[in-house]
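Raw structure00.cif, mmCIF, C-alpha atoms (C1' of nucleotides):
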data_entry
loop_
_atom_site.label_atom_id
_atom_site.label_comp_id
_atom_site.auth_asym_id
_atom_site.auth_seq_id
_atom_site.Cartn_x
_atom_site.Cartn_y
_atom_site.Cartn_z
CA MET A 1 14.28 11.60 21.76
CA THR A 2 11.63 12.20 24.38
CA VAL A 3 9.85 9.02 25.28
CA THR A 4 8.02 8.51 28.61
CA GLU A 5 4.76 7.59 26.83
CA ARG A 6 2.15 7.22 29.51
CA PRO A 7 0.28 3.94 29.17
CA LEU A 8 -2.97 3.94 27.21
CA ARG A 9 -6.18 4.22 29.11
CA ALA A 10 -7.75 0.80 29.60
CA ASP A 11 -10.53 1.29 27.07
CA ALA A 12 -8.11 2.67 24.52
CA GLN A 13 -5.83 -0.33 24.86
CA ARG A 14 -8.76 -2.70 24.52
CA ASN A 15 -9.97 -0.98 21.37
CA ARG A 16 -6.53 -0.93 19.91
CA ASP A 17 -6.17 -4.67 20.35
CA ARG A 18 -9.60 -5.31 18.91
CA LEU A 19 -8.79 -3.19 15.91
CA LEU A 20 -5.61 -5.09 15.18
CA ALA A 21 -7.39 -8.41 15.38
CA ALA A 22 -10.24 -7.08 13.27
CA ALA A 23 -7.80 -5.83 10.67
CA THR A 24 -6.12 -9.18 10.06
CA GLU A 25 -9.54 -10.79 10.06
CA ALA A 26 -10.89 -8.30 7.56
CA PHE A 27 -7.93 -8.53 5.22
CA ALA A 28 -8.28 -12.29 5.25
CA ALA A 29 -12.02 -12.23 4.65
CA GLU A 30 -12.47 -9.30 2.29
CA GLY A 31 -9.16 -9.04 0.56
CA GLU A 32 -6.40 -6.54 0.92
CA ASP A 33 -8.53 -3.53 0.11
CA ALA A 34 -11.15 -4.12 2.75
CA ALA A 35 -12.79 -0.85 3.71
CA LEU A 36 -11.51 0.59 6.94
CA GLU A 37 -15.11 1.15 7.99
CA SER A 38 -15.55 -2.58 7.88
CA VAL A 39 -12.50 -3.11 10.04
CA ALA A 40 -13.94 -0.69 12.57
CA ALA A 41 -17.29 -2.46 12.44
CA ARG A 42 -15.67 -5.85 13.03
CA ALA A 43 -13.87 -4.42 15.99
CA GLY A 44 -17.11 -2.93 17.27
CA VAL A 45 -15.75 0.61 17.41
CA GLY A 46 -16.46 3.78 15.50
CA ILE A 47 -14.43 4.80 12.49
CA GLY A 48 -13.15 7.78 14.43
CA THR A 49 -11.56 5.46 16.94
CA LEU A 50 -9.81 3.55 14.24
CA TYR A 51 -8.31 6.73 12.85
CA ARG A 52 -7.23 7.96 16.25
CA HIS A 53 -5.18 4.83 16.73
CA PHE A 54 -3.95 4.51 13.16
CA PRO A 55 -3.76 7.74 11.24
CA ASN A 56 -4.03 6.08 7.85
CA ARG A 57 -4.39 2.81 6.09
CA ASP A 58 -0.70 2.05 5.93
CA ALA A 59 -0.24 2.58 9.64
CA LEU A 60 -3.00 0.08 10.34
CA VAL A 61 -1.62 -2.51 7.98
CA VAL A 62 1.88 -2.24 9.36
CA ALA A 63 0.60 -2.39 12.92
CA ALA A 64 -1.54 -5.43 12.20
CA TYR A 65 1.43 -7.16 10.67
CA GLN A 66 3.65 -6.26 13.57
CA HIS A 67 0.97 -7.63 15.88
CA GLU A 68 1.08 -10.95 14.07
CA VAL A 69 4.81 -11.11 14.37
CA ASP A 70 4.67 -10.33 18.05
CA ALA A 71 2.17 -13.11 18.58
CA LEU A 72 4.28 -15.55 16.61
CA CYS A 73 7.35 -14.72 18.65
CA ALA A 74 5.54 -14.86 21.95
CA ALA A 75 4.34 -18.32 21.00
CA ALA A 76 7.89 -19.63 21.04
CA ALA A 77 8.32 -19.08 24.76
CA ASP A 78 4.80 -20.31 25.52
CA LEU A 79 5.31 -23.53 23.64
CA LEU A 80 8.63 -24.19 25.32
CA ALA A 81 6.99 -23.88 28.69
CA GLY A 82 4.81 -26.92 28.20
CA GLN A 83 6.81 -29.51 26.27
CA PRO A 84 10.27 -30.66 25.23
CA ALA A 85 12.12 -28.39 22.87
CA ASP A 86 11.85 -30.56 19.79
CA GLU A 87 8.09 -30.83 20.19
CA ALA A 88 7.87 -27.11 20.84
CA LEU A 89 9.83 -26.49 17.67
CA ARG A 90 7.49 -28.67 15.67
CA ALA A 91 4.48 -26.83 17.01
CA TRP A 92 6.11 -23.50 16.41
CA THR A 93 6.82 -24.23 12.78
CA ARG A 94 3.16 -24.99 12.32
CA ARG A 95 2.42 -21.67 13.91
CA PHE A 96 4.93 -20.12 11.54
CA ALA A 97 3.00 -21.54 8.62
CA ASP A 98 -0.14 -19.82 9.87
CA TYR A 99 1.79 -16.61 10.06
CA ILE A 100 2.96 -16.98 6.50
CA ALA A 101 -0.58 -17.69 5.38
CA THR A 102 -1.74 -14.48 7.03
CA LYS A 103 1.12 -12.50 5.61
CA ARG A 104 0.23 -13.73 2.17
CA ARG A 105 -3.36 -12.71 2.56
CA MET A 106 -2.27 -9.22 3.45
CA GLY A 107 -0.50 -9.24 0.11
CA ASN A 108 -0.22 -5.93 -1.64
CA ALA A 109 -1.63 -3.99 1.25
CA LEU A 110 1.42 -4.97 3.23
CA ARG A 111 3.81 -4.49 0.38
CA SER A 112 2.77 -0.94 -0.25
CA ALA A 113 2.45 -0.05 3.40
CA ALA A 114 5.91 -1.41 4.06
CA ALA A 115 7.20 0.81 1.30
CA SER A 116 6.26 3.84 3.34
CA ASP A 117 7.78 2.42 6.52
CA SER A 118 10.71 0.52 5.16
CA PRO A 119 12.43 -0.76 8.29
CA VAL A 120 9.45 -2.93 9.31
CA PHE A 121 10.62 -6.03 7.59
CA ALA A 122 14.16 -5.72 8.83
CA THR A 123 12.95 -5.47 12.39
CA THR A 124 10.41 -8.24 12.27
CA ARG A 125 12.95 -10.51 10.66
CA GLU A 126 15.23 -10.04 13.62
CA GLN A 127 12.40 -10.71 16.02
CA ILE A 128 11.55 -13.96 14.33
CA VAL A 129 15.13 -15.08 14.21
CA GLY A 130 15.31 -14.34 17.92
CA ALA A 131 12.27 -16.49 18.65
CA LEU A 132 13.62 -19.37 16.68
CA ARG A 133 16.98 -19.06 18.37
CA LEU A 134 15.22 -19.45 21.69
CA LEU A 135 13.80 -22.77 20.58
CA LEU A 136 17.03 -24.02 19.09
CA ASP A 137 19.05 -23.09 22.13
CA ALA A 138 16.62 -24.84 24.41
CA GLY A 139 16.83 -27.93 22.24
CA ALA A 140 20.59 -27.81 22.22
CA ALA A 141 20.70 -27.44 25.98
CA SER A 142 18.39 -30.36 26.58
CA GLY A 143 20.11 -32.44 23.96
CA THR A 144 17.13 -32.96 21.68
CA LEU A 145 18.29 -30.70 18.85
CA ARG A 146 21.56 -30.07 17.12
CA GLY A 147 23.45 -27.15 18.53
CA ASP A 148 25.35 -26.15 15.45
CA VAL A 149 22.77 -24.46 13.30
CA ASP A 150 22.21 -20.77 12.72
CA PRO A 151 18.57 -19.76 13.10
CA ARG A 152 19.02 -17.46 10.13
CA ASP A 153 19.61 -20.44 7.91
CA VAL A 154 16.63 -22.26 9.30
CA ILE A 155 14.42 -19.26 8.63
CA ARG A 156 15.73 -19.09 5.11
CA VAL A 157 14.78 -22.68 4.60
CA ILE A 158 11.32 -22.60 6.08
CA HIS A 159 10.56 -19.31 4.48
CA GLY A 160 10.43 -21.29 1.29
CA ILE A 161 6.81 -22.07 2.09
CA TRP A 162 6.06 -18.50 1.04
CA TYR A 163 6.63 -19.60 -2.52
CA LEU A 164 4.61 -22.78 -2.50
CA PRO A 165 1.75 -22.50 -4.95
CA GLU A 166 -1.58 -21.64 -3.37
CA GLY A 167 -4.40 -24.13 -3.30
CA PRO A 168 -6.06 -26.77 -1.19
CA GLN A 169 -2.89 -28.81 -0.99
CA TRP A 170 -0.88 -25.91 0.42
CA ARG A 171 -1.14 -26.83 4.05
CA GLU A 172 -0.22 -30.42 3.32
CA ASP A 173 2.80 -29.40 1.25
CA VAL A 174 3.86 -27.13 4.04
CA GLY A 175 3.49 -29.96 6.54
CA ARG A 176 5.84 -32.23 4.65
CA MET A 177 8.37 -29.48 4.09
CA LEU A 178 8.48 -28.59 7.74
CA GLU A 179 8.78 -32.22 8.91
CA LEU A 180 11.77 -32.55 6.67
CA VAL A 181 13.43 -29.53 8.15
CA ILE A 182 12.72 -30.58 11.69
CA ASP A 183 14.14 -34.02 11.10
CA GLY A 184 17.30 -32.35 9.93
CA LEU A 185 17.52 -30.41 13.18
CA ARG A 186 17.07 -33.43 15.45
CA TYR A 187 19.94 -35.33 16.87
CA GLY A 188 20.53 -38.52 15.03
CA VAL A 189 19.53 -37.77 11.48
CA PRO A 190 17.99 -41.01 10.19
CA ALA A 191 20.61 -43.03 8.27
CA ARG A 192 19.76 -43.29 4.64
CA MET B 1 1.30 -6.65 -30.48
CA THR B 2 -1.82 -5.55 -32.31
CA VAL B 3 -1.85 -1.85 -32.94
CA THR B 4 -3.78 -0.21 -35.82
CA GLU B 5 -5.46 2.23 -33.42
CA ARG B 6 -8.04 4.12 -35.43
CA PRO B 7 -7.71 7.87 -34.96
CA LEU B 8 -9.85 9.49 -32.30
CA ARG B 9 -13.06 11.12 -33.33
CA ALA B 10 -12.60 14.87 -33.71
CA ASP B 11 -14.45 15.80 -30.52
CA ALA B 12 -12.60 13.16 -28.56
CA GLN B 13 -9.25 14.46 -29.70
CA ARG B 14 -10.24 18.01 -28.85
CA ASN B 15 -11.35 17.02 -25.37
CA ARG B 16 -8.23 15.01 -24.79
CA ASP B 17 -6.06 17.98 -25.64
CA ARG B 18 -8.11 20.26 -23.45
CA LEU B 19 -7.83 17.85 -20.58
CA LEU B 20 -4.06 17.69 -20.81
CA ALA B 21 -3.78 21.45 -20.87
CA ALA B 22 -6.25 21.74 -18.00
CA ALA B 23 -4.30 19.20 -15.99
CA THR B 24 -0.99 21.07 -16.10
CA GLU B 25 -2.89 24.27 -15.41
CA ALA B 26 -4.68 22.75 -12.43
CA PHE B 27 -1.57 21.21 -10.94
CA ALA B 28 0.15 24.57 -11.20
CA ALA B 29 -2.75 26.49 -9.71
CA GLU B 30 -4.10 24.14 -7.07
CA GLY B 31 -1.14 22.02 -6.18
CA GLU B 32 -0.32 18.46 -6.97
CA ASP B 33 -3.44 17.01 -5.42
CA ALA B 34 -5.90 19.07 -7.38
CA ALA B 35 -9.23 17.26 -7.63
CA LEU B 36 -9.79 15.57 -10.94
CA GLU B 37 -13.25 17.09 -11.02
CA SER B 38 -11.58 20.47 -11.11
CA VAL B 39 -9.38 19.40 -13.99
CA ALA B 40 -12.48 18.31 -15.88
CA ALA B 41 -14.18 21.58 -15.06
CA ARG B 42 -11.22 23.62 -16.32
CA ALA B 43 -11.29 21.62 -19.52
CA GLY B 44 -15.02 22.21 -19.83
CA VAL B 45 -15.86 18.52 -20.00
CA GLY B 46 -17.65 16.12 -17.71
CA ILE B 47 -15.82 13.98 -15.22
CA GLY B 48 -16.88 10.93 -17.16
CA THR B 49 -14.98 12.16 -20.16
CA LEU B 50 -11.86 12.64 -18.13
CA TYR B 51 -12.02 9.08 -16.91
CA ARG B 52 -12.68 7.69 -20.36
CA HIS B 53 -9.45 9.23 -21.57
CA PHE B 54 -7.37 8.60 -18.47
CA PRO B 55 -8.45 5.65 -16.36
CA ASN B 56 -6.93 6.99 -13.17
CA ARG B 57 -5.01 9.84 -11.67
CA ASP B 58 -1.59 8.46 -12.48
CA ALA B 59 -2.45 8.00 -16.12
CA LEU B 60 -3.50 11.63 -16.36
CA VAL B 61 -0.41 12.91 -14.62
CA VAL B 62 1.92 10.90 -16.79
CA ALA B 63 0.07 11.93 -19.93
CA ALA B 64 0.16 15.59 -18.96
CA TYR B 65 3.86 15.37 -18.33
CA GLN B 66 4.44 13.58 -21.61
CA HIS B 67 2.45 16.32 -23.31
CA GLU B 68 4.76 18.93 -21.86
CA VAL B 69 7.80 17.07 -23.06
CA ASP B 70 6.36 16.71 -26.54
CA ALA B 71 5.70 20.42 -26.67
CA LEU B 72 9.20 21.22 -25.48
CA CYS B 73 10.73 18.99 -28.11
CA ALA B 74 8.53 20.28 -30.89
CA ALA B 75 9.65 23.77 -29.97
CA ALA B 76 13.22 22.94 -30.97
CA ALA B 77 12.36 22.46 -34.62
CA ASP B 78 9.99 25.43 -34.63
CA LEU B 79 12.60 27.76 -33.21
CA LEU B 80 15.23 26.60 -35.66
CA ALA B 81 12.91 27.44 -38.51
CA GLY B 82 12.89 31.13 -37.76
CA GLN B 83 16.38 32.10 -36.62
CA PRO B 84 20.05 31.14 -36.52
CA ALA B 85 20.91 28.08 -34.47
CA ASP B 86 22.61 29.88 -31.62
CA GLU B 87 19.62 32.16 -31.13
CA ALA B 88 17.28 29.21 -31.38
CA LEU B 89 19.30 27.44 -28.73
CA ARG B 90 19.09 30.42 -26.45
CA ALA B 91 15.34 30.59 -26.86
CA TRP B 92 14.99 26.87 -26.39
CA THR B 93 16.85 26.88 -23.11
CA ARG B 94 14.43 29.49 -21.86
CA ARG B 95 11.63 27.19 -22.93
CA PHE B 96 13.42 24.40 -21.10
CA ALA B 97 13.34 26.45 -17.93
CA ASP B 98 9.57 26.77 -18.25
CA TYR B 99 9.36 23.05 -18.63
CA ILE B 100 11.39 22.51 -15.49
CA ALA B 101 9.19 24.94 -13.61
CA THR B 102 6.12 22.98 -14.67
CA LYS B 103 7.72 19.68 -13.80
CA ARG B 104 8.51 21.00 -10.37
CA ARG B 105 4.96 22.09 -9.81
CA MET B 106 3.76 18.61 -10.63
CA GLY B 107 6.04 17.49 -7.83
CA ASN B 108 4.96 14.43 -5.96
CA ALA B 109 2.06 13.73 -8.24
CA LEU B 110 4.54 13.05 -10.98
CA ARG B 111 6.93 11.17 -8.75
CA SER B 112 4.34 8.71 -7.60
CA ALA B 113 2.70 8.38 -10.98
CA ALA B 114 6.04 7.67 -12.55
CA ALA B 115 6.58 4.93 -10.03
CA SER B 116 3.68 3.01 -11.52
CA ASP B 117 4.87 3.60 -15.08
CA SER B 118 8.60 3.55 -14.63
CA PRO B 119 9.87 3.91 -18.19
CA VAL B 120 8.38 7.41 -18.61
CA PHE B 121 11.44 9.26 -17.49
CA ALA B 122 13.81 7.15 -19.50
CA THR B 123 11.81 7.82 -22.65
CA THR B 124 11.29 11.51 -22.14
CA ARG B 125 14.95 11.95 -21.37
CA GLU B 126 15.81 10.49 -24.74
CA GLN B 127 13.29 12.73 -26.44
CA ILE B 128 14.76 15.82 -24.87
CA VAL B 129 18.29 14.80 -25.70
CA GLY B 130 17.13 14.32 -29.28
CA ALA B 131 15.65 17.80 -29.44
CA LEU B 132 18.78 19.37 -28.08
CA ARG B 133 20.92 17.39 -30.49
CA LEU B 134 18.89 18.85 -33.33
CA LEU B 135 19.80 22.35 -32.19
CA LEU B 136 23.45 21.55 -31.61
CA ASP B 137 23.83 19.84 -34.96
CA ALA B 138 22.25 22.78 -36.74
CA GLY B 139 24.61 25.10 -34.95
CA ALA B 140 27.61 22.98 -35.80
CA ALA B 141 26.56 22.84 -39.45
CA SER B 142 26.13 26.57 -39.72
CA GLY B 143 29.28 27.22 -37.73
CA THR B 144 27.70 29.15 -34.87
CA LEU B 145 28.11 26.45 -32.23
CA ARG B 146 30.84 24.05 -31.27
CA GLY B 147 30.43 20.66 -32.84
CA ASP B 148 32.20 18.59 -30.23
CA VAL B 149 29.72 18.45 -27.40
CA ASP B 150 27.43 15.63 -26.42
CA PRO B 151 23.85 16.79 -25.83
CA ARG B 152 23.71 14.43 -22.88
CA ASP B 153 26.33 16.48 -21.11
CA VAL B 154 24.58 19.71 -21.91
CA ILE B 155 21.33 18.35 -20.47
CA ARG B 156 23.17 17.28 -17.35
CA VAL B 157 24.45 20.80 -16.95
CA ILE B 158 21.26 22.69 -17.56
CA HIS B 159 19.26 20.25 -15.54
CA GLY B 160 21.02 21.80 -12.60
CA ILE B 161 18.33 24.46 -12.58
CA TRP B 162 16.07 21.80 -11.10
CA TYR B 163 17.98 22.21 -7.88
CA LEU B 164 18.05 25.97 -7.69
CA PRO B 165 16.20 27.15 -4.62
CA GLU B 166 12.67 28.33 -5.27
CA GLY B 167 11.73 31.93 -4.88
CA PRO B 168 11.27 35.19 -6.77
CA GLN B 169 14.89 35.16 -7.89
CA TRP B 170 14.59 31.73 -9.48
CA ARG B 171 13.99 32.87 -13.02
CA GLU B 172 16.84 35.32 -12.82
CA ASP B 173 19.24 32.74 -11.45
CA VAL B 174 18.19 30.42 -14.22
CA GLY B 175 18.79 33.11 -16.80
CA ARG B 176 22.39 33.63 -15.71
CA MET B 177 23.07 29.94 -15.53
CA LEU B 178 21.80 29.36 -19.01
CA GLU B 179 23.70 32.28 -20.52
CA LEU B 180 26.84 30.83 -19.09
CA VAL B 181 26.20 27.47 -20.66
CA ILE B 182 25.32 28.94 -24.01
CA ASP B 183 28.47 31.02 -24.05
CA GLY B 184 30.37 27.83 -23.53
CA LEU B 185 28.74 26.29 -26.54
CA ARG B 186 29.43 29.19 -28.87
CA TYR B 187 32.42 29.31 -31.07
CA GLY B 188 35.10 31.50 -29.72
CA VAL B 189 34.83 31.21 -25.97
CA PRO B 190 35.59 34.70 -24.64
CA ALA B 191 39.22 34.92 -23.48
CA ARG B 192 39.51 35.53 -19.80
"C1'" DA C 1 -17.61 8.30 47.61
"C1'" DG C 2 -17.40 12.50 44.88
"C1'" DT C 3 -15.56 15.32 41.43
"C1'" DA C 4 -12.60 17.59 37.85
"C1'" DT C 5 -10.58 16.79 33.74
"C1'" DA C 6 -7.79 14.77 30.41
"C1'" DA C 7 -8.30 10.98 27.46
"C1'" DG C 8 -10.99 8.68 24.50
"C1'" DC C 9 -15.19 7.74 21.73
"C1'" DG C 10 -17.98 7.65 17.52
"C1'" DG C 11 -20.48 8.85 13.66
"C1'" DA C 12 -22.24 12.53 10.67
"C1'" DG C 13 -20.48 14.75 7.00
"C1'" DG C 14 -17.15 16.63 3.54
"C1'" DC C 15 -14.64 15.41 -0.19
"C1'" DG C 16 -12.76 13.12 -3.93
"C1'" DA C 17 -12.07 8.86 -6.82
"C1'" DC C 18 -14.27 6.22 -9.96
"C1'" DT C 19 -18.57 3.85 -12.33
"C1'" DC C 20 -22.70 3.40 -14.94
"C1'" DC C 21 -25.77 4.27 -18.30
"C1'" DG C 22 -29.11 7.10 -20.82
"C1'" DT C 23 -28.32 10.79 -24.22
"C1'" DT C 24 -25.88 13.09 -27.91
"C1'" DT C 25 -23.09 13.40 -32.01
"C1'" DA C 26 -19.47 12.59 -35.55
"C1'" DT C 27 -18.79 9.86 -39.34
"C1'" DG C 28 -19.21 6.62 -43.14
"C1'" DC C 29 -22.36 5.07 -46.43
"C1'" DA C 30 -26.43 5.08 -49.62
"C1'" DT D 1 -28.76 15.04 -48.03
"C1'" DG D 2 -30.46 11.60 -44.94
"C1'" DC D 3 -29.73 7.69 -42.12
"C1'" DA D 4 -27.61 4.05 -39.13
"C1'" DT D 5 -24.59 3.32 -35.74
"C1'" DA D 6 -20.44 3.23 -33.31
"C1'" DA D 7 -18.11 6.48 -30.61
"C1'" DA D 8 -18.13 9.72 -27.24
"C1'" DC D 9 -20.30 12.55 -23.72
"C1'" DG D 10 -21.53 13.92 -19.01
"C1'" DG D 11 -23.15 13.98 -14.57
"C1'" DA D 12 -25.75 11.68 -10.97
"C1'" DG D 13 -24.66 8.23 -7.98
"C1'" DT D 14 -21.80 4.95 -5.13
"C1'" DC D 15 -18.24 4.13 -2.14
"C1'" DG D 16 -14.36 4.78 0.79
"C1'" DC D 17 -11.02 7.86 3.10
"C1'" DC D 18 -10.49 10.91 6.61
"C1'" DT D 19 -11.81 15.03 9.74
"C1'" DC D 20 -14.20 17.37 13.16
"C1'" DC D 21 -16.23 18.06 17.34
"C1'" DG D 22 -19.83 17.38 20.87
"C1'" DC D 23 -20.43 13.66 24.10
"C1'" DT D 24 -18.78 9.92 27.34
"C1'" DT D 25 -15.77 7.85 30.67
"C1'" DA D 26 -11.52 6.26 33.06
"C1'" DT D 27 -8.48 7.98 36.23
"C1'" DA D 28 -6.33 10.81 39.67
"C1'" DC D 29 -6.98 13.51 43.40
"C1'" DT D 30 -9.54 15.06 47.60
#
What's the structure tokens form of this structure?
Amino acid sequence: MTVTERPLRADAQRNRDRLLAAATEAFAAEGEDAALESVAARAGVGIGTLYRHFPNRDALVVAAYQHEVDALCAAAADLLAGQPADEALRAWTRRFADYIATKRRMGNALRSAAASDSPVFATTREQIVGALRLLLDAGAASGTLRGDVDPRDVIRVIHGIWYLPEGPQWREDVGRMLELVIDGLRYGVPAR
Amino acid sequence: MTVTERPLRADAQRNRDRLLAAATEAFAAEGEDAALESVAARAGVGIGTLYRHFPNRDALVVAAYQHEVDALCAAAADLLAGQPADEALRAWTRRFADYIATKRRMGNALRSAAASDSPVFATTREQIVGALRLLLDAGAASGTLRGDVDPRDVIRVIHGIWYLPEGPQWREDVGRMLELVIDGLRYGVPAR
DNA sequence: AGTATAAGCGGAGGCGACTCCGTTTATGCA
DNA sequence: TGCATAAACGGAGTCGCCTCCGCTTATACT
């Protein structure tokens, strides 16, 4: 395995980022089979540039998804920096809901792209678990959250929002579900 | 399930047949990603006609494959009509080798098309087993072939030719393999 | 600062999938 | 045999994927 990849030239990096953002945007706005030309247009680059960065549709979809996951995970640390762990956790779960919404919008595009690059989901799952663990550990350390839960189980629970029926009430349903979960993670579960 | 499909108009049926033949021909000659326009051209029909009969690439590939299988199976009865069962079996296995060669040439096209219509292989397998059973039963009845073999096992054995390395010697290798199998099915296995 | 050059850009253009619709024709009926 | 019409034809046209290559520019080196 030879690695040593020299960093991208500044303009290339900028375009790459724009393309990833444009891709998620386009999939959300135009559906999963948005034309790649339209992604390039949104990003303000030529179609050639898109293809240099992502050799085919699947590569772009997977990369856009990975980008979302990275952002979600980075958010965990950011949120912790500015508030107590239980509040950070609450905020992060809302962020998680956004991520799920995006993932849903990618729909089939993601499903079929993932088929050609199967380990994606396994990896991203680990990343997300890691981010959540960060939050839980911080909460346990500061005494605001229980210290005896496995982030894997929490993910399993909140991932349930994936299956909530779509519609205008979705976000609200998600809100209630997440509150419930967070209450369960706090110290001093309310007596019934 | 409403069925009652009225038979195709004569010209439609003719074109359909031509298209199927052209498809196998084109996949053999131009590789698995032959342009559908070229299939239509070979068949001497317009591209519109192709699409009326087969709504997309996968449908055409699957249909062409199915067509091959039908022909292979029909051959069993035809061969039996003109010669003793053991000779018919010998001839049929040669025909089977042609079928495998064609199937190989369809390669990925078939693999991915089958993915979107998964029961194809299960069905065709049964068809082929049925055809072989016809030959074996005839042989058993007339006393030229053993009566105690399951066609499924025979298919498993001769399907091995699928894995023979490609090359100019392929057909010869196949020939020897098949002779061996047929000898095993005859009455009176040669003493060693 | 000036320059060489590797890295990157971008869009015209090729190609193929698939659609649309005006034209043709097989077929059933009088 | 002639006619009405549903069925089928076919190819021009649209659209999107992807490539190719001449031009631009960031970067490293002097």
Interface, chain C side, toward chain B (10 Å; all atoms listed in the file) as a PDB file with C-alpha atoms (C1' of nucleotides), keeping the file's coordinate frame:
ATOM      1  C1'  DC C  15     -14.640  15.410  -0.190  1.00  0.00           C
ATOM      2  C1'  DG C  16     -12.760  13.120  -3.930  1.00  0.00           C
ATOM      3  C1'  DA C  17     -12.070   8.860  -6.820  1.00  0.00           C
ATOM      4  C1'  DC C  18     -14.270   6.220  -9.960  1.00  0.00           C
ATOM      5  C1'  DT C  19     -18.570   3.850 -12.330  1.00  0.00           C
ATOM      6  C1'  DC C  20     -22.700   3.400 -14.940  1.00  0.00           C
ATOM      7  C1'  DT C  25     -23.090  13.400 -32.010  1.00  0.00           C
ATOM      8  C1'  DA C  26     -19.470  12.590 -35.550  1.00  0.00           C
ATOM      9  C1'  DT C  27     -18.790   9.860 -39.340  1.00  0.00           C
TER      10       DT C  27
END
Discussion item. As an exercise, work out the distance from CA of Val39 (chain A) to CA of Ala76 (chain A) in Å and give it to one decimal place.
Written reply: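 Answer for the CA of Val39 (chain A) to CA of Ala76 (chain A) separation: 28.5 Å.
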On this structure, which residues satisfy the PyMOL selection byres ((chain B and resi 174-176) around 8), written as a PDB file with C-alpha atoms, in the coordinates of the input?
ATOM      1  CA  ARG B  94      14.430  29.490 -21.860  1.00  0.00           C
ATOM      2  CA  ALA B  97      13.340  26.450 -17.930  1.00  0.00           C
ATOM      3  CA  ILE B 161      18.330  24.460 -12.580  1.00  0.00           C
ATOM      4  CA  LEU B 164      18.050  25.970  -7.690  1.00  0.00           C
ATOM      5  CA  TRP B 170      14.590  31.730  -9.480  1.00  0.00           C
ATOM      6  CA  ARG B 171      13.990  32.870 -13.020  1.00  0.00           C
ATOM      7  CA  GLU B 172      16.840  35.320 -12.820  1.00  0.00           C
ATOM      8  CA  ASP B 173      19.240  32.740 -11.450  1.00  0.00           C
ATOM      9  CA  MET B 177      23.070  29.940 -15.530  1.00  0.00           C
ATOM     10  CA  LEU B 178      21.800  29.360 -19.010  1.00  0.00           C
ATOM     11  CA  GLU B 179      23.700  32.280 -20.520  1.00  0.00           C
ATOM     12  CA  LEU B 180      26.840  30.830 -19.090  1.00  0.00           C
TER      13      LEU B 180
END
Practice prompt. With the file shown as input, list the residues that the PyMOL selection byres ((chain C and resi 3) around 10) selects, as a PyMOL selection string.
Written response: (chain C and resi 1-2+4-5) or (chain D and resi 29-30)
Can you turn the PyMOL selection byres ((chain B and resi 152) around 10) into a concrete residue list for this file, as a JSON list (two decimals) with C-alpha atoms, in the coordinates of the input?
[["chain", "number", "residue", "atom", "x", "y", "z"],
["B", 125, "ARG", "CA", 14.95, 11.95, -21.37],
["B", 126, "GLU", "CA", 15.81, 10.49, -24.74],
["B", 128, "ILE", "CA", 14.76, 15.82, -24.87],
["B", 129, "VAL", "CA", 18.29, 14.80, -25.70],
["B", 130, "GLY", "CA", 17.13, 14.32, -29.28],
["B", 132, "LEU", "CA", 18.78, 19.37, -28.08],
["B", 133, "ARG", "CA", 20.92, 17.39, -30.49],
["B", 149, "VAL", "CA", 29.72, 18.45, -27.40],
["B", 150, "ASP", "CA", 27.43, 15.63, -26.42],
["B", 151, "PRO", "CA", 23.85, 16.79, -25.83],
["B", 153, "ASP", "CA", 26.33, 16.48, -21.11],
["B", 154, "VAL", "CA", 24.58, 19.71, -21.91],
["B", 155, "ILE", "CA", 21.33, 18.35, -20.47],
["B", 156, "ARG", "CA", 23.17, 17.28, -17.35],
["B", 157, "VAL", "CA", 24.45, 20.80, -16.95]]
Practice prompt. Give me, please, the distance in Å between CA of Asn108 (chain A) and CA of Gly31 (chain A), quoted to one decimal.
Written response: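 Separation of CA of Asn108 (chain A) and CA of Gly31 (chain A): 9.7 Å.
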Practice prompt. May I ask for the distance between CA of Arg90 (chain A) and CA of Gly143 (chain A), given in Å to one decimal place?
Written response: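 Computed distance, CA of Arg90 (chain A) to CA of Gly143 (chain A), equals 15.6 Å.
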Filled-in N, CA and C atoms of region 46-52 of chain B, supplied as a compact mmCIF listing (two decimals), in the frame of the given file:
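What landed in selection18.txt:
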# COMPACT_ATOMS: atom_id res chain seq x y z
N GLY B 46 -17.14 16.82 -18.88
CA GLY B 46 -17.65 16.12 -17.71
C GLY B 46 -16.59 15.21 -17.13
N ILE B 47 -16.78 14.84 -15.88
CA ILE B 47 -15.82 13.98 -15.22
C ILE B 47 -15.73 12.62 -15.90
N GLY B 48 -16.85 12.20 -16.45
CA GLY B 48 -16.88 10.93 -17.16
C GLY B 48 -15.92 10.93 -18.34
N THR B 49 -15.87 12.05 -19.02
CA THR B 49 -14.98 12.16 -20.16
C THR B 49 -13.53 12.07 -19.73
N LEU B 50 -13.23 12.73 -18.64
CA LEU B 50 -11.86 12.64 -18.13
C LEU B 50 -11.48 11.18 -17.92
N TYR B 51 -12.35 10.47 -17.24
CA TYR B 51 -12.02 9.08 -16.91
C TYR B 51 -12.00 8.18 -18.13
N ARG B 52 -12.75 8.52 -19.16
CA ARG B 52 -12.68 7.69 -20.36
C ARG B 52 -11.30 7.83 -20.98
